[in-house]
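Step one of this worksheet: look at the structure below.
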Amino acid sequence: MLKILLNTVLRSLYRQKVYSLVNILGLATGITCTLLILIWVDYETGFDDFHENIDQVYSVYENQNYADGDVFSVYSTPSPLAESIKKSFPEINYSTRLVSTWGQLILSVDGESFVENGGKVVDPDFFKIFSFPIIKGEKENPLKSDYSIVLTEKLANKYFGDLDPIGELIEVNSKYRYEVTAVIQNPPANSSISFDFLIPFSFFEDFWEYDLSDWEANSFHTFIRLGEDAKPVDISEKLRKFIKARIPSSNVELALQAFSNYHLHAIDDSRVGGVWYVRVFLFVAVLILLIACFNYMNLATARSERRSKEVAIRKVVGAQRKGLISLFLGESIFFTFISLGIAIVLVELLLPVFSDLTNRSLSLSFSDFNFLFSVGLVVFLTGIVSGSYPALFLSSFIPIQVVRGGLRKDSARLRRVLVVIQFTMSIILFICSGIIYQQLKFLQESDIGYNKDDLIYIEMGDDFESVYADLKKELVKISGVSWITAANQMPVNFSNSTWDVEWPGKLVSSEDVLFQLSFVDYDFIETFEMDVIQGRGFSKIHGEDSLKFIINESAAQKMNMLQTIGEFVTIWGYSGEVIGIVKDFNFNSLQVGVEPLIMMRQPDAFKYIGIRIADDAQPIINKIRRVWDQLVPDIPFTYRFLEEDFKYFYLAESRMSKIFLSFTLIAFIISSLGLFGLVSFVTERKSREMALRKVFGANIDIVFSLLLKEFFKWVMLSNVIAWVLAYFAMEWWLKGFAYRIDIGIGIFILAGVISLSITLLTVYRQIYSLAQKAPARILKYE
């Protein structure tokens with residue numbers, strides 16, 4: 001049987017070179033796209049799998065319920081929570097708090113200083129919950145003292161080279177000395193928790209004088225590891241009212257998220273989690289593979305007349321239908337394996353480009369059994385699906401009908417259906433890609449309420465107040481520096497919030513609203529070029545402006561005050577006057593919209609300097625660097641462009657747009673290959689008719705117009721179906737954005753023009769090629 005199969009395939013390859021090439025290229029392209037997407041999906045779904053007890057690890061998060069019906073879900077929890085729930089519930093074996101170090105730290109070794117912002121502050125149970133291998137030093141309790149520090153291999157090599165770092169001292173911000181007690185393996189790229197060093201929570205009390213016993217300050221992630229017999233549903237229910245039992249006025253309910261879902265699943269129902277993108281691209285992979293399979297089916301059934309005599313002869317000499325089905329299925333699977341070989345080469349060539357596109361370290365691994373099984377399954381199913389109908393159709397021929405010249409007409413109808421399906425899928429992808437691009441462009445170019453261009457910001461250390469005044473005084477002298485301000489956070493990383501706000505007319509605590517809170521300096525509004533619609537900004541002309549507030553439009557609406565300017569608002573028990581209202585500006589992605597905001601002056605909280613510069617950035621930045629080196633010689637100069645950071649809001653959508661566009665082009669190419677093959681066979685069947693028409697003086701344009709009309713009809717049907725499906729799919733997707741485009745007709749018309757142009761060029765190319773042949777060459781055997 002295998003010998004017969006090989007002979008059949010090799011004979012087909014030799015006799016039908018164009019047909020075979022089109023089929024192999026179509027299948028190879030489809031399998032290449034599928035493999036690339038599977039590699040990416042395997043990477044995304046494999047996040048954090050290296051942790052040994054991941055099924056027992058959970059993240060504790062808050063659902064904060066507000067009067068307007070909003071539920072604000074955050075990972076931030078109070079500091080005492082981790083230890084308290086561990087003591088309260090025996091089902092919880094271990095718990096840890098986790099938070100990034102607040103701002104940059106200066107780590108010094110032997111007089112050499114380094115600016116680091118990749119630190120995490122954790123509890124000792126961190127190493128009982130997560131499986132980050134310790135390769136040197138204390139393994140049982142790495143953070144054995146309040147002044148222990150754990151380094152990654154990368155940082156240990158950076159600081160100590162080939163020397164053993166265990167027991168060495170690292171000075172932090174020239175104030176505290178920490179002993180290196182362990183070196184940990186670098187967290188893998190697909191780890192949700194990444195860091196360069198770990199330090200204990202006593203650091204917060206010593207360094208920032210933070211009250212770690214405050215139940216009302218939400219600043220830390222809380223992770224727990226349950227016992228093997230614990231039931232997460234029961235624990236989640238017990239935890240739900242845990243904070244409210246301690247603070248009756250609290251609007252917080254606790255919930256659990258399995259750490260295996262931490263990377264892909266959003267805790268906020270209003271936001272799109274990464275799992276959505278995984279599902280979308282798996283769907284795209286299936287679509288492209290189906291288009292490639294339909295190519296094979298289309299071309300195989302189009303060749304039915306050529307293979308009918310072969311089938312008839314095989315049946316006459318005793319072949320059974322079951323055997324013929326196996327033969328044709330084996331042929332399609334053999335073609336698929338040839339395509340797989342080409343696809344693997346293409347994947348190796350394209351993987352670096354695809355890795356850059358997805359910003360992931362992707363690789364093709366043949367040692368991963370699950371991946372190999374997936375590839376094998378894809379190849380097998382591709383072979384079966386692509387060969388199924390041709391096998392059933394060809395094996396159904398009755399020898400006597402073949403001899404008489406009468407064949408079933410089902411294949412012609414099927415080919416039309418397959419062409420419609422292929423182009424429908426391709427057009428859907430094209431329209432979706434276009435709308436995603438338009439929405440992304442709209443988000444990036446929308447008026448966000450301030451000018452993000454030509455703005456740089458610098459992160460300062462703890463001695464901010466001692467150097468800021470002198471620094472600002474010197475920097476403002478630089479030609480090209482127009483405004484300088486300071487703040488505790490930039491508009492791209494607002495993270496402070498509070499519900500403890502009182503205002504005139506607020507009746508009951510059920511009217512609690514979550515307000516974002518930002519501490520800003522004089523000239524903040526001018527530096528960011530925001531619009532003050534009532535009142536004024538902070539100004540030295542009016543004194544220190546301490547306990548004065550500036551709010552945004554959304555905050556004014558939430559407070560529902562007839563006259564806001566001059567009213568007094570109370571935050572955390574401190575009362576202050578509202579002196580200005582700024583036009584709403586976006587400090588989050590436009591996907592979630594603008595939240596109520598209160599700004600006030602609190603110089604001891606400032607961490608960043610914002611500087612507006614002229615267009616010619618680099619010479620100005622060099623001058624800023626020189627001033628910095630003179631006034632702040634102990635801290636290396638680093639800066640960021642606000643515009644670049646703003647792009648991170650839409651990084652996922654940007655990558656999705658690029659990937660979608662790439663696969664859309666590929667889908668059109670595969671569909672075009674199928675159309676090319678189909679038109680080739682149709683024109684070949686009509687070659688004698690065309691030759692006779694030419695002999696009798698007919699114009700070739702008549703046949704061309706007839707063929708074009710037939711194919712145009714089916715491609716237009718594809719457009720109509722695709723337009724409807726794509727419209728509803730994109731309407732659903734756009735509902736996830738607070739600010740969105742209206743879907744216009746332009747992208748639908750463009751999709752139609754492109755698909756019809758492909759049809760026109762394909763048909764014209766084949767007709768023109770046939771027209772060049774002399775009628776005598778075509779009719780000489782008749």
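Identifiers in this document derive from the order of the structure tokens: chains are assigned A, B, ..., residues are numbered from 1 separately in each chain, and ligands are numbered from 1 in order of occurrence.
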* Neighbour list for A:Phe704 as a list of chain:residue names, cut-off 8 Å, only C-alpha atoms, skip fewer than 5 positions in-chain ->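 Once the nearby chain positions are removed, what remains is A:Val763, A:Tyr764, A:Ile767.
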Would you mind exporting the chosen residues as a CSV table (one decimal), in the first residue's frame, restricted to N, CA and C atoms?
chain,number,residue,atom,x,y,z
A,763,VAL,N,-7.7,36.2,-13.1
A,763,VAL,CA,-8.4,35.8,-14.3
A,763,VAL,C,-7.7,36.3,-15.6
A,764,TYR,N,-7.4,37.6,-15.6
A,764,TYR,CA,-6.7,38.2,-16.7
A,764,TYR,C,-5.4,37.5,-17.1
A,767,ILE,N,-6.2,34.1,-18.7
A,767,ILE,CA,-6.8,34.2,-20.0
A,767,ILE,C,-5.8,34.8,-21.0
* To do: Could you tell me, as JSON, numbers by chain, which residues of stretch 67-217 of chain A DSSP assigns to strand (DSSP E or B) when given the backbone?
  => {"A": [71, 72, 73, 74, 77, 78, 92, 93, 94, 95, 96, 97, 98, 99, 100, 105, 106, 107, 108, 109, 112, 113, 114, 115, 116, 119, 120, 121, 122, 134, 135, 136, 137, 148, 149, 150, 151, 152, 169, 170, 171, 172, 176, 177, 178, 179, 180, 181, 182, 183, 184, 197, 198, 199, 200]}
* Please, which residues of stretch 113-286 of chain A, numbered as in this document, come out alpha helix (DSSP H) from DSSP, as a ChimeraX atom specification? -> /A:126-129,153-160,202-207,232-239,242-246,274-286
* Calculate how many Å separate atom CA of A:Ala555 from atom CA of A:Ile581, rounding to one decimal. =>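 Atom-to-atom, atom CA of A:Ala555 to atom CA of A:Ile581, that is 8.9 Å.
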* Near A:Ala230, within 10 Å and counting only C-alpha atoms, which residues show up once chain neighbours fewer than 5 positions away are dropped, as a list in words? -> Gln56, Pro90, Glu91, Ile92, Asn93, Arg225 and Ile235 of chain A
Kindly export the residues of the current selection with C-alpha atoms, as a PDB file, in the first residue's frame.
ATOM      1  CA  GLN A  56      -1.826  25.959  45.307  1.00  0.00           C
ATOM      2  CA  PRO A  90      -5.091  27.163  58.949  1.00  0.00           C
ATOM      3  CA  GLU A  91      -5.710  26.244  55.293  1.00  0.00           C
ATOM      4  CA  ILE A  92      -3.211  28.971  54.315  1.00  0.00           C
ATOM      5  CA  ASN A  93       0.298  27.564  54.755  1.00  0.00           C
ATOM      6  CA  ARG A 225      -0.113  29.196  49.203  1.00  0.00           C
ATOM      7  CA  ILE A 235     -11.310  30.186  51.460  1.00  0.00           C
TER       8      ILE A 235
END
* To do: Within 8 Å of A:Tyr75, counting only C-alpha atoms, which residues show up once you throw out same-chain ones fewer than 2 positions away? Write them as a list in words, please.
  => Ser59, Val60, Tyr61, Glu62, Ser73, Thr77, Phe220, His221 and Thr222 of chain A
* **Contact residues around stretch 152-155 of chain A with only C-alpha atoms at 6 Å, ignoring same-chain residues under 6 positions, as a list of chain:residue names** => A:Val183, A:Ile184, A:Gln185, A:Asn186, A:Asp196, A:Phe197
* Between atom CA of A:Trp503 and atom CA of A:Phe568, what is the spacing in Å? ->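 Between atom CA of A:Phe568 and atom CA of A:Trp503 the gap is 6.7 Å.
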* To do: Tell me which of A:Asp123, A:Glu653, A:Asp615, A:Glu595 sits closest to A:Asp453, counting only C-alpha atoms.
  =>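 Of A:Asp123, A:Glu653, A:Asp615, A:Glu595, the one nearest A:Asp453 is A:Asp615, counting only C-alpha atoms.
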* Asked: For A:Ile31, which residue among A:Ile541, A:Ala285, A:Ile571, A:Asn295 is the nearest when counting only C-alpha atoms?
  -> A:Ala285
Please report as JSON lines every residue of stretch 106-171 of chain A lying within 12 Å of stretch 205-216 of chain A, along with the nearest atom pair and their distance in Å (one decimal), using only C-alpha atoms.
{"residue": "A:Val121", "atom": "CA", "partner": "A:Glu205", "partner_atom": "CA", "distance": 11.7}
{"residue": "A:Asp146", "atom": "CA", "partner": "A:Asp206", "partner_atom": "CA", "distance": 9.9}
{"residue": "A:Tyr147", "atom": "CA", "partner": "A:Asp206", "partner_atom": "CA", "distance": 10.5}
* Just how far from atom CA of A:Gly505 is atom CA of A:Lys558, in Å to one decimal? -> 11.1 Å
* A:Asn190: which residues within 10 Å, counting only C-alpha atoms, same-chain residues fewer than 6 positions away excluded, as an MDAnalysis selection string? -> chainID A and resid 43:50 263 360:361
* Using only C-alpha atoms, which residue out of A:Ser332, A:Gln489, A:Ser174, A:Ser446 lies closest to A:Val109? ->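 Closest candidate: A:Ser174.
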* To do: Return the single residue from A:Asn622, A:Leu289, A:Tyr262, A:Asn298 that is closest to A:Arg413, with distances computed using only C-alpha atoms.
  => A:Asn298
* Near stretch 597-603 of chain A, within 9 Å and counting only C-alpha atoms, which residues show up once chain neighbours fewer than 3 positions away are dropped, as a ChimeraX atom specification? -> /A:464-465,486-488,497,514-522,538,544-555,584,594,606
